[in-house]
$ cat final17.txt   # compact mmCIF, C-alpha atoms (C1' of nucleotides)
# COMPACT_ATOMS: atom_id res chain seq x y z
CA MET A 29 0.00 0.00 0.00
CA ALA A 30 1.09 3.51 -0.63
CA GLY A 31 1.85 6.41 1.51
CA MET A 32 3.53 7.84 4.51
CA ASN A 33 5.00 4.78 6.15
CA LEU A 34 7.99 7.07 6.62
CA VAL A 35 7.00 9.13 9.60
CA GLY A 36 8.56 11.95 11.56
CA PRO A 37 7.85 13.28 15.05
CA GLU A 38 4.45 14.55 16.18
CA ALA A 39 3.68 18.23 15.87
CA ASP A 40 4.13 18.84 19.59
CA ALA A 41 7.42 16.93 19.64
CA LEU A 42 9.21 19.11 17.11
CA ASP A 43 12.60 20.07 18.49
CA LEU A 44 13.98 23.51 17.73
CA GLY A 45 17.54 22.18 17.84
CA ALA A 46 16.82 19.53 15.23
CA VAL A 47 15.06 22.13 13.09
CA PHE A 48 18.00 24.53 13.22
CA ARG A 49 20.44 21.71 12.51
CA ALA A 50 18.34 20.70 9.52
CA LEU A 51 18.16 24.26 8.21
CA ALA A 52 21.89 24.83 8.72
CA ASP A 53 22.67 22.96 5.52
CA GLU A 54 22.46 24.96 2.33
CA HIS A 55 20.81 22.25 0.23
CA ARG A 56 18.19 21.40 2.82
CA ARG A 57 17.47 25.09 3.34
CA SER A 58 16.96 25.61 -0.39
CA VAL A 59 14.45 22.78 -0.40
CA MET A 60 12.60 24.29 2.53
CA THR A 61 12.70 27.73 0.94
CA GLU A 62 11.07 26.38 -2.20
CA LEU A 63 8.45 24.52 -0.23
CA ALA A 64 7.70 27.52 1.95
CA ALA A 65 7.30 29.75 -1.09
CA ASP A 66 4.65 27.50 -2.65
CA ARG A 67 1.45 28.35 -0.83
CA SER A 68 -0.46 25.54 -2.53
CA ASP A 69 1.56 22.97 -0.55
CA SER A 70 1.26 20.49 -3.38
CA GLU A 71 3.12 17.21 -3.21
CA ARG A 72 6.40 17.33 -5.07
CA GLY A 73 8.82 14.80 -6.48
CA CYS A 74 12.29 14.40 -5.05
CA ASN A 75 14.07 15.43 -8.22
CA SER A 76 11.94 18.51 -8.77
CA PHE A 77 14.39 20.53 -6.70
CA ASN A 78 17.35 20.14 -9.06
CA LEU A 79 19.83 19.60 -6.28
CA PRO A 80 23.42 19.38 -7.57
CA ILE A 81 24.19 16.28 -5.49
CA SER A 82 23.97 12.54 -5.95
CA LYS A 83 20.75 10.69 -5.24
CA GLN A 84 22.23 8.95 -2.20
CA THR A 85 22.98 12.32 -0.66
CA GLN A 86 19.50 13.52 -1.54
CA THR A 87 18.06 10.54 0.31
CA HIS A 88 20.14 11.57 3.31
CA HIS A 89 18.96 15.19 3.24
CA PHE A 90 15.27 14.34 2.88
CA ARG A 91 15.63 11.92 5.77
CA VAL A 92 17.07 14.66 7.97
CA LEU A 93 14.24 17.01 7.02
CA ARG A 94 11.67 14.31 7.79
CA GLU A 95 13.24 13.39 11.13
CA ALA A 96 13.23 17.06 12.05
CA GLY A 97 9.50 17.04 11.37
CA LEU A 98 9.64 19.56 8.55
CA ILE A 99 8.39 17.39 5.71
CA ASP A 100 6.45 14.21 5.06
CA GLU A 101 7.83 11.58 2.74
CA ILE A 102 5.22 9.59 0.91
CA ASP A 103 6.59 6.24 -0.19
CA TYR A 104 5.24 4.80 -3.44
CA GLY A 105 7.75 2.00 -3.60
CA ASN A 106 9.80 3.08 -6.57
CA ARG A 107 8.88 6.71 -6.17
CA LYS A 108 8.64 9.22 -3.36
CA GLY A 109 6.60 12.32 -2.68
CA ILE A 110 7.61 15.30 -0.57
CA ARG A 111 5.13 17.47 1.27
CA LEU A 112 5.72 20.39 3.61
CA ARG A 113 4.23 20.04 7.09
CA ARG A 114 3.12 23.64 7.04
CA ALA A 115 0.35 23.41 9.64
CA ASP A 116 2.49 21.57 12.17
CA ILE A 117 5.41 23.93 11.73
CA GLU A 118 3.21 26.98 12.01
CA LYS A 119 1.60 25.58 15.12
CA ARG A 120 4.88 24.82 16.87
CA PHE A 121 7.16 27.51 15.41
CA PRO A 122 4.99 30.35 14.11
CA GLY A 123 6.87 32.65 11.78
CA LEU A 124 9.58 30.17 10.82
CA LEU A 125 8.23 29.54 7.34
CA THR A 126 7.82 33.26 6.77
CA LEU A 127 11.49 33.64 7.60
CA LEU A 128 12.36 31.04 5.00
CA GLY A 129 9.95 32.43 2.44
CA ALA A 130 11.60 35.83 2.71
CA GLU A 131 14.80 34.26 1.41
CA SER A 132 13.07 33.02 -1.70
CA PRO A 133 13.89 34.72 -5.03
CA GLY A 134 10.22 35.43 -5.56
CA GLY A 135 9.58 35.85 -1.89
CA THR A 136 6.44 35.28 0.11
CA ALA A 137 5.97 39.02 0.26
CA PRO A 138 2.92 40.27 -1.65
CA ARG A 139 3.86 42.78 -4.30
CA MET B 26 40.26 52.05 24.69
CA ALA B 27 37.17 50.16 25.56
CA GLY B 28 34.34 48.88 23.60
CA MET B 29 33.17 47.08 20.51
CA ASN B 30 36.37 46.76 18.56
CA LEU B 31 35.04 43.25 17.97
CA VAL B 32 32.51 43.77 15.22
CA GLY B 33 30.16 41.55 13.30
CA PRO B 34 28.37 42.05 9.98
CA GLU B 35 26.03 44.95 9.27
CA ALA B 36 22.32 44.51 9.88
CA ASP B 37 21.55 44.16 6.17
CA ALA B 38 24.35 41.65 5.69
CA LEU B 39 23.05 39.09 8.17
CA ASP B 40 23.03 35.67 6.53
CA LEU B 41 20.27 33.24 7.36
CA GLY B 42 22.60 30.30 6.82
CA ALA B 43 25.15 31.62 9.28
CA VAL B 44 22.36 32.32 11.76
CA PHE B 45 20.97 28.79 11.52
CA ARG B 46 24.45 27.32 11.79
CA ALA B 47 25.06 29.41 14.89
CA LEU B 48 21.77 28.37 16.44
CA ALA B 49 22.33 24.71 15.61
CA ASP B 50 24.64 24.31 18.59
CA GLU B 51 22.96 23.64 21.91
CA HIS B 52 25.21 25.89 23.98
CA ARG B 53 24.96 28.83 21.63
CA ARG B 54 21.20 28.39 21.42
CA SER B 55 20.88 28.44 25.20
CA VAL B 56 22.80 31.71 25.28
CA MET B 57 20.53 33.20 22.65
CA THR B 58 17.44 31.89 24.43
CA GLU B 59 18.49 33.64 27.62
CA LEU B 60 19.28 36.83 25.80
CA ALA B 61 16.01 36.77 23.89
CA ALA B 62 14.03 36.23 27.08
CA ASP B 63 15.48 39.32 28.75
CA ARG B 64 13.53 42.21 27.28
CA SER B 65 15.73 44.78 28.99
CA ASP B 66 18.64 43.83 26.69
CA SER B 67 21.13 44.68 29.39
CA GLU B 68 24.79 43.96 28.85
CA ARG B 69 25.86 40.69 30.39
CA GLY B 70 29.13 39.09 31.39
CA CYS B 71 30.44 36.02 29.61
CA ASN B 72 30.28 33.79 32.65
CA SER B 73 26.75 34.79 33.59
CA PHE B 74 25.42 31.98 31.40
CA ASN B 75 26.91 29.13 33.44
CA LEU B 76 27.94 27.16 30.39
CA PRO B 77 29.36 23.72 31.28
CA ILE B 78 32.35 24.15 28.98
CA SER B 79 35.88 25.51 29.24
CA LYS B 80 36.57 29.19 28.80
CA GLN B 81 38.45 28.59 25.53
CA THR B 82 35.37 26.93 24.10
CA GLN B 83 33.20 29.78 25.37
CA THR B 84 35.42 32.22 23.52
CA HIS B 85 34.86 30.15 20.39
CA HIS B 86 31.06 30.10 20.76
CA PHE B 87 30.74 33.82 21.43
CA ARG B 88 32.89 34.47 18.39
CA VAL B 89 30.55 32.40 16.22
CA LEU B 90 27.54 34.28 17.57
CA ARG B 91 29.22 37.60 16.90
CA GLU B 92 30.29 36.66 13.38
CA ALA B 93 26.73 35.57 12.67
CA GLY B 94 25.64 39.07 13.71
CA LEU B 95 23.56 37.92 16.66
CA ILE B 96 25.48 39.59 19.48
CA ASP B 97 27.94 42.37 20.12
CA GLU B 98 31.06 41.72 22.15
CA ILE B 99 32.29 44.70 24.11
CA ASP B 100 35.98 44.36 24.88
CA TYR B 101 37.18 45.87 28.15
CA GLY B 102 40.63 44.37 27.91
CA ASN B 103 40.51 41.89 30.71
CA ARG B 104 36.75 41.59 30.61
CA LYS B 105 34.05 41.23 27.99
CA GLY B 106 30.46 42.26 27.70
CA ILE B 107 27.76 40.51 25.67
CA ARG B 108 24.78 42.31 24.22
CA LEU B 109 21.99 41.01 22.01
CA ARG B 110 21.57 42.79 18.67
CA ARG B 111 17.80 42.70 19.04
CA ALA B 112 16.96 45.59 16.72
CA ASP B 113 19.13 44.33 13.87
CA ILE B 114 17.84 40.78 14.19
CA GLU B 115 14.23 41.92 14.31
CA LYS B 116 14.78 44.10 11.27
CA ARG B 117 16.35 41.35 9.19
CA PHE B 118 14.61 38.25 10.57
CA PRO B 119 11.38 39.35 12.26
CA GLY B 120 10.00 36.67 14.55
CA LEU B 121 13.26 34.81 15.07
CA LEU B 122 13.78 36.05 18.62
CA THR B 123 10.18 35.24 19.47
CA LEU B 124 10.86 31.70 18.33
CA LEU B 125 13.83 31.50 20.66
CA GLY B 126 12.01 33.19 23.51
CA ALA B 127 9.26 30.60 23.30
CA GLU B 128 11.82 27.93 24.18
CA SER B 129 12.75 29.74 27.36
CA PRO B 130 11.63 28.25 30.71
CA GLY B 131 9.95 31.54 31.55
CA GLY B 132 8.98 32.20 27.99
CA THR B 133 8.44 35.49 26.23
CA ALA B 134 4.71 34.96 26.55
CA PRO B 135 2.94 37.64 28.59
CA ARG B 136 1.26 36.36 31.72
C1' DC C 27 9.66 -12.66 -17.88
C1' DT C 28 13.51 -8.51 -18.69
C1' DT C 29 14.75 -3.81 -18.48
C1' DG C 30 15.39 0.59 -16.56
C1' DA C 31 14.54 4.58 -13.53
C1' DG C 32 13.83 6.02 -8.78
C1' DG C 33 15.30 5.08 -4.06
C1' DT C 34 17.57 2.88 -0.21
C1' DA C 35 21.35 0.48 2.64
C1' DC C 36 25.96 0.17 3.95
C1' DG C 37 30.50 1.54 4.08
C1' DA C 38 34.40 4.66 3.23
C1' DT C 39 36.24 9.18 2.93
C1' DG C 40 37.18 13.91 3.60
C1' DC C 41 36.23 18.07 5.86
C1' DA C 42 34.13 21.10 9.20
C1' DA C 43 33.34 21.93 13.93
C1' DG C 44 33.31 21.35 19.20
C1' DT C 45 36.44 20.60 22.79
C1' DC C 46 40.39 21.19 25.62
C1' DG C 47 45.71 21.87 27.02
C1' DT C 48 49.31 25.00 27.14
C1' DA C 49 50.99 29.43 26.85
C1' DC C 50 50.34 34.20 26.74
C1' DC C 51 48.02 38.86 27.23
C1' DT C 52 45.27 42.54 29.89
C1' DG C 53 43.85 45.13 33.68
C1' DA C 54 42.43 45.52 38.60
C1' DA C 55 43.68 44.68 43.44
C1' DG C 56 47.11 44.39 46.85
C1' DC D 10 56.16 46.08 41.61
C1' DT D 11 53.49 41.09 42.09
C1' DT D 12 49.40 38.41 41.95
C1' DC D 13 45.36 36.65 39.98
C1' DA D 14 41.05 36.22 37.36
C1' DG D 15 39.09 36.89 32.75
C1' DG D 16 40.10 36.20 27.88
C1' DT D 17 42.63 35.01 23.79
C1' DA D 18 45.86 32.41 20.45
C1' DC D 19 47.51 28.27 18.75
C1' DG D 20 47.49 23.57 18.23
C1' DA D 21 45.85 18.82 18.81
C1' DC D 22 42.20 15.64 19.22
C1' DT D 23 37.74 13.76 18.35
C1' DT D 24 33.26 13.72 16.78
C1' DG D 25 29.77 14.76 13.50
C1' DC D 26 28.32 15.26 8.98
C1' DA D 27 28.07 15.83 3.89
C1' DT D 28 29.39 13.24 0.08
C1' DC D 29 29.79 9.41 -2.93
C1' DG D 30 30.70 4.17 -4.66
C1' DT D 31 28.83 -0.14 -4.78
C1' DA D 32 25.16 -3.14 -4.33
C1' DC D 33 20.44 -4.06 -3.77
C1' DC D 34 15.31 -3.22 -3.79
C1' DT D 35 10.62 -1.77 -6.03
C1' DC D 36 7.60 -1.06 -9.48
C1' DA D 37 6.03 0.17 -14.15
C1' DA D 38 6.66 -0.44 -19.04
C1' DG D 39 7.63 -3.49 -22.73

$ encode --input "final17.txt" --output "structure tokens"
Amino acid sequence: MAGMNLVGPEADALDLGAVFRALADEHRRSVMTELAADRSDSERGCNSFNLPISKQTQTHHFRVLREAGLIDEIDYGNRKGIRLRRADIEKRFPGLLTLLGAESPGGTAPR
Amino acid sequence: MAGMNLVGPEADALDLGAVFRALADEHRRSVMTELAADRSDSERGCNSFNLPISKQTQTHHFRVLREAGLIDEIDYGNRKGIRLRRADIEKRFPGLLTLLGAESPGGTAPR
DNA sequence: CTTGAGGTACGATGCAAGTCGTACCTGAAG
DNA sequence: CTTCAGGTACGACTTGCATCGTACCTCAAG
């Protein structure tokens, strides 16, 4: 069966240290910036981020983001979906996604 | 002469990556949490944080915080003062200090 | 079935970072 | 002056982490 057998911590269990450690890496932060900028929160593929690293390293980074509670990974067997846990993050760390969105080229800021 | 010959980046030059890397360390984050919780922003001594590490390592951590633009270090020669750059941080990354303050035992939350 | 793309597991490697020991500097107290 | 506490500089050590190579798994398309 498909979907979300890869689970991160509960919303209330999100640790600020783990979040900062996750966001300390440039590649992971760019992923989060892209996700935060997309207000539709649609599910995305792993290779839709165009990360200049090998797929093994990508697996590592997405795992860190999931274990920090920032994203969900939906397992389809030979494929994987990425979805931002916007509601949980906003509940536990309000303003964090806005901070990330402000770093986006387009920005979250309304023009 | 005394005071602030140890300088960090300008307010506009604060880098989110450097900030997250600085806050990724538990000791540095505890310092920032204490500073963020004190709304008076009074200057504090280095050893007023009771960090369970050697003084050489403390020097290292305060340097990282300063180079990330989060604090000012005021040099008195044989003594050093620490002051939170609240205004600059709020200007560049609004909400970040609130995030840290929420992790404080007392909290930034009004009673 | 076979093939191939997407992903993971495990291990190795290289580099960045946290930590401390030793030595030295600075200024206040005596 | 000497003494001493606070801080720094330099170096060494150790741990953590980002990265990739190899091998294997999963599923969809032929």

$ interface_residues --input "final17.txt" --of "chain A" --to "chain D" --cutoff "10 Å" --atoms "all atoms listed in the file" --output "CSV table (one decimal) with C-alpha atoms, in the coordinates of the input"
chain,number,residue,atom,x,y,z
A,53,ASP,CA,22.7,23.0,5.5
A,81,ILE,CA,24.2,16.3,-5.5
A,82,SER,CA,24.0,12.5,-6.0
A,83,LYS,CA,20.8,10.7,-5.2
A,84,GLN,CA,22.2,9.0,-2.2
A,85,THR,CA,23.0,12.3,-0.7
A,88,HIS,CA,20.1,11.6,3.3
A,89,HIS,CA,19.0,15.2,3.2
A,104,TYR,CA,5.2,4.8,-3.4
A,105,GLY,CA,7.8,2.0,-3.6
A,106,ASN,CA,9.8,3.1,-6.6
A,107,ARG,CA,8.9,6.7,-6.2

$ closest_residue --input "final17.txt" --among "C:DT29, C:DT52, C:DT39, C:DT34" --to "A:Lys108" --atoms "only C-alpha atoms (C1' of nucleotides)"
C:DT34

$ atom_distance --input "final17.txt" --atom1 "atom CA of A:Gly73" --atom2 "atom CA of A:Val59"
11.5 Å

$ calpha_fit_and_write --input "final17.txt" --fixed "chain B" --moving "chain A" --output "mmCIF file with C-alpha atoms, in the coordinates of the input"
data_model
loop_
_atom_site.group_PDB
_atom_site.id
_atom_site.type_symbol
_atom_site.label_atom_id
_atom_site.label_comp_id
_atom_site.auth_asym_id
_atom_site.auth_seq_id
_atom_site.Cartn_x
_atom_site.Cartn_y
_atom_site.Cartn_z
ATOM 1 C CA MET A 29 39.967 52.507 24.844
ATOM 2 C CA ALA A 30 37.022 50.344 25.586
ATOM 3 C CA GLY A 31 34.309 48.880 23.570
ATOM 4 C CA MET A 32 33.193 47.059 20.520
ATOM 5 C CA ASN A 33 36.396 46.727 18.558
ATOM 6 C CA LEU A 34 35.085 43.217 17.951
ATOM 7 C CA VAL A 35 32.566 43.732 15.214
ATOM 8 C CA GLY A 36 30.187 41.521 13.296
ATOM 9 C CA PRO A 37 28.400 42.032 9.979
ATOM 10 C CA GLU A 38 26.066 44.945 9.260
ATOM 11 C CA ALA A 39 22.368 44.516 9.872
ATOM 12 C CA ASP A 40 21.594 44.166 6.172
ATOM 13 C CA ALA A 41 24.398 41.639 5.689
ATOM 14 C CA LEU A 42 23.095 39.088 8.170
ATOM 15 C CA ASP A 43 23.087 35.674 6.537
ATOM 16 C CA LEU A 44 20.307 33.249 7.376
ATOM 17 C CA GLY A 45 22.636 30.291 6.845
ATOM 18 C CA ALA A 46 25.166 31.607 9.340
ATOM 19 C CA VAL A 47 22.356 32.320 11.797
ATOM 20 C CA PHE A 48 20.956 28.799 11.539
ATOM 21 C CA ARG A 49 24.434 27.306 11.835
ATOM 22 C CA ALA A 50 25.023 29.397 14.942
ATOM 23 C CA LEU A 51 21.707 28.374 16.484
ATOM 24 C CA ALA A 52 22.249 24.697 15.658
ATOM 25 C CA ASP A 53 24.544 24.307 18.646
ATOM 26 C CA GLU A 54 22.866 23.661 21.961
ATOM 27 C CA HIS A 55 25.126 25.913 24.034
ATOM 28 C CA ARG A 56 24.909 28.845 21.656
ATOM 29 C CA ARG A 57 21.144 28.425 21.440
ATOM 30 C CA SER A 58 20.828 28.482 25.227
ATOM 31 C CA VAL A 59 22.755 31.736 25.298
ATOM 32 C CA MET A 60 20.502 33.233 22.658
ATOM 33 C CA THR A 61 17.409 31.962 24.444
ATOM 34 C CA GLU A 62 18.476 33.702 27.634
ATOM 35 C CA LEU A 63 19.274 36.901 25.809
ATOM 36 C CA ALA A 64 16.006 36.841 23.903
ATOM 37 C CA ALA A 65 14.039 36.315 27.101
ATOM 38 C CA ASP A 66 15.512 39.412 28.762
ATOM 39 C CA ARG A 67 13.575 42.314 27.311
ATOM 40 C CA SER A 68 15.816 44.873 29.005
ATOM 41 C CA ASP A 69 18.689 43.892 26.685
ATOM 42 C CA SER A 70 21.204 44.741 29.369
ATOM 43 C CA GLU A 71 24.864 44.003 28.817
ATOM 44 C CA ARG A 72 25.908 40.722 30.361
ATOM 45 C CA GLY A 73 29.166 39.108 31.372
ATOM 46 C CA CYS A 74 30.468 36.043 29.596
ATOM 47 C CA ASN A 75 30.311 33.810 32.641
ATOM 48 C CA SER A 76 26.793 34.840 33.584
ATOM 49 C CA PHE A 77 25.433 32.040 31.421
ATOM 50 C CA ASN A 78 26.908 29.185 33.460
ATOM 51 C CA LEU A 79 27.923 27.198 30.428
ATOM 52 C CA PRO A 80 29.333 23.769 31.354
ATOM 53 C CA ILE A 81 32.322 24.145 29.020
ATOM 54 C CA SER A 82 35.846 25.476 29.263
ATOM 55 C CA LYS A 83 36.565 29.152 28.748
ATOM 56 C CA GLN A 84 38.393 28.502 25.477
ATOM 57 C CA THR A 85 35.285 26.860 24.088
ATOM 58 C CA GLN A 86 33.172 29.727 25.368
ATOM 59 C CA THR A 87 35.400 32.145 23.480
ATOM 60 C CA HIS A 88 34.784 30.068 20.367
ATOM 61 C CA HIS A 89 30.998 30.063 20.776
ATOM 62 C CA PHE A 90 30.721 33.800 21.431
ATOM 63 C CA ARG A 91 32.869 34.412 18.374
ATOM 64 C CA VAL A 92 30.509 32.357 16.223
ATOM 65 C CA LEU A 93 27.507 34.247 17.584
ATOM 66 C CA ARG A 94 29.224 37.573 16.893
ATOM 67 C CA GLU A 95 30.274 36.607 13.368
ATOM 68 C CA ALA A 96 26.707 35.548 12.686
ATOM 69 C CA GLY A 97 25.658 39.043 13.715
ATOM 70 C CA LEU A 98 23.560 37.931 16.661
ATOM 71 C CA ILE A 99 25.494 39.584 19.465
ATOM 72 C CA ASP A 100 27.983 42.360 20.096
ATOM 73 C CA GLU A 101 31.102 41.699 22.104
ATOM 74 C CA ILE A 102 32.364 44.659 24.045
ATOM 75 C CA ASP A 103 36.055 44.316 24.798
ATOM 76 C CA TYR A 104 37.303 45.810 28.064
ATOM 77 C CA GLY A 105 40.733 44.283 27.809
ATOM 78 C CA ASN A 106 40.593 41.793 30.632
ATOM 79 C CA ARG A 107 36.834 41.573 30.550
ATOM 80 C CA LYS A 108 34.130 41.225 27.939
ATOM 81 C CA GLY A 109 30.510 42.251 27.652
ATOM 82 C CA ILE A 110 27.800 40.522 25.647
ATOM 83 C CA ARG A 111 24.827 42.335 24.191
ATOM 84 C CA LEU A 112 22.026 41.040 21.994
ATOM 85 C CA ARG A 113 21.598 42.809 18.656
ATOM 86 C CA ARG A 114 17.850 42.746 19.038
ATOM 87 C CA ALA A 115 16.999 45.630 16.704
ATOM 88 C CA ASP A 116 19.168 44.349 13.871
ATOM 89 C CA ILE A 117 17.850 40.819 14.179
ATOM 90 C CA GLU A 118 14.266 41.983 14.301
ATOM 91 C CA LYS A 119 14.831 44.164 11.277
ATOM 92 C CA ARG A 120 16.388 41.413 9.179
ATOM 93 C CA PHE A 121 14.655 38.316 10.581
ATOM 94 C CA PRO A 122 11.419 39.404 12.258
ATOM 95 C CA GLY A 123 10.012 36.744 14.538
ATOM 96 C CA LEU A 124 13.271 34.872 15.078
ATOM 97 C CA LEU A 125 13.770 36.099 18.624
ATOM 98 C CA THR A 126 10.166 35.297 19.463
ATOM 99 C CA LEU A 127 10.842 31.759 18.314
ATOM 100 C CA LEU A 128 13.804 31.551 20.651
ATOM 101 C CA GLY A 129 11.983 33.225 23.510
ATOM 102 C CA ALA A 130 9.232 30.629 23.299
ATOM 103 C CA GLU A 131 11.805 27.987 24.187
ATOM 104 C CA SER A 132 12.736 29.789 27.364
ATOM 105 C CA PRO A 133 11.666 28.249 30.701
ATOM 106 C CA GLY A 134 9.930 31.472 31.621
ATOM 107 C CA GLY A 135 9.011 32.211 28.062
ATOM 108 C CA THR A 136 8.424 35.508 26.338
ATOM 109 C CA ALA A 137 4.720 34.809 26.469
ATOM 110 C CA PRO A 138 2.781 37.179 28.735
ATOM 111 C CA ARG A 139 0.919 35.323 31.436
#

$ axis_aligned_box --input "final17.txt" --around "stretch 121-130 of chain B" --padding-each-side "5 Å" --output "JSON"
{"center_x": 11.5, "center_y": 32.0, "center_z": 22.9, "size_x": 14.6, "size_y": 18.1, "size_z": 25.6}

$ closest_residue --input "final17.txt" --among "A:Arg72, A:Arg57, A:Arg91, A:Arg49" --to "A:Val35" --atoms "all atoms listed in the file"
A:Arg91

$ atom_distance --input "final17.txt" --atom1 "atom C1' of C:DC50" --atom2 "atom CA of B:Leu31"
19.8 Å

$ atom_distance --input "final17.txt" --atom1 "atom CA of B:Ala127" --atom2 "atom CA of B:Leu95"
17.4 Å

$ closest_atom_pairs --input "final17.txt" --of "chain C" --to "chain A" --cutoff "9 Å" --atoms "only C-alpha atoms (C1' of nucleotides)" --output "Markdown table"
| residue | atom | partner | partner_atom | distance |
| --- | --- | --- | --- | --- |
| C:DA31 | C1' | A:Asn106 | CA | 8.6 |
| C:DG32 | C1' | A:Asn106 | CA | 5.5 |
| C:DG33 | C1' | A:Asn106 | CA | 6.4 |
| C:DT34 | C1' | A:Thr87 | CA | 7.7 |

$ interface_residues --input "final17.txt" --of "chain B" --to "chain A" --cutoff "6 Å" --atoms "all atoms listed in the file" --output "PyMOL selection string"
chain B and resi 42+45-46+49+120

$ closest_residue --input "final17.txt" --among "B:Lys116, B:Ala36, B:Ser129, B:Asp97" --to "B:Asp66" --atoms "all atoms listed in the file"
B:Asp97

$ residues_around --input "final17.txt" --residues "B:Leu109" --least-positions-apart "6" --cutoff "12 Å" --atoms "all atoms listed in the file" --output "ChimeraX atom specification"
/B:33,56-70,87,90-91,93-99,115,122
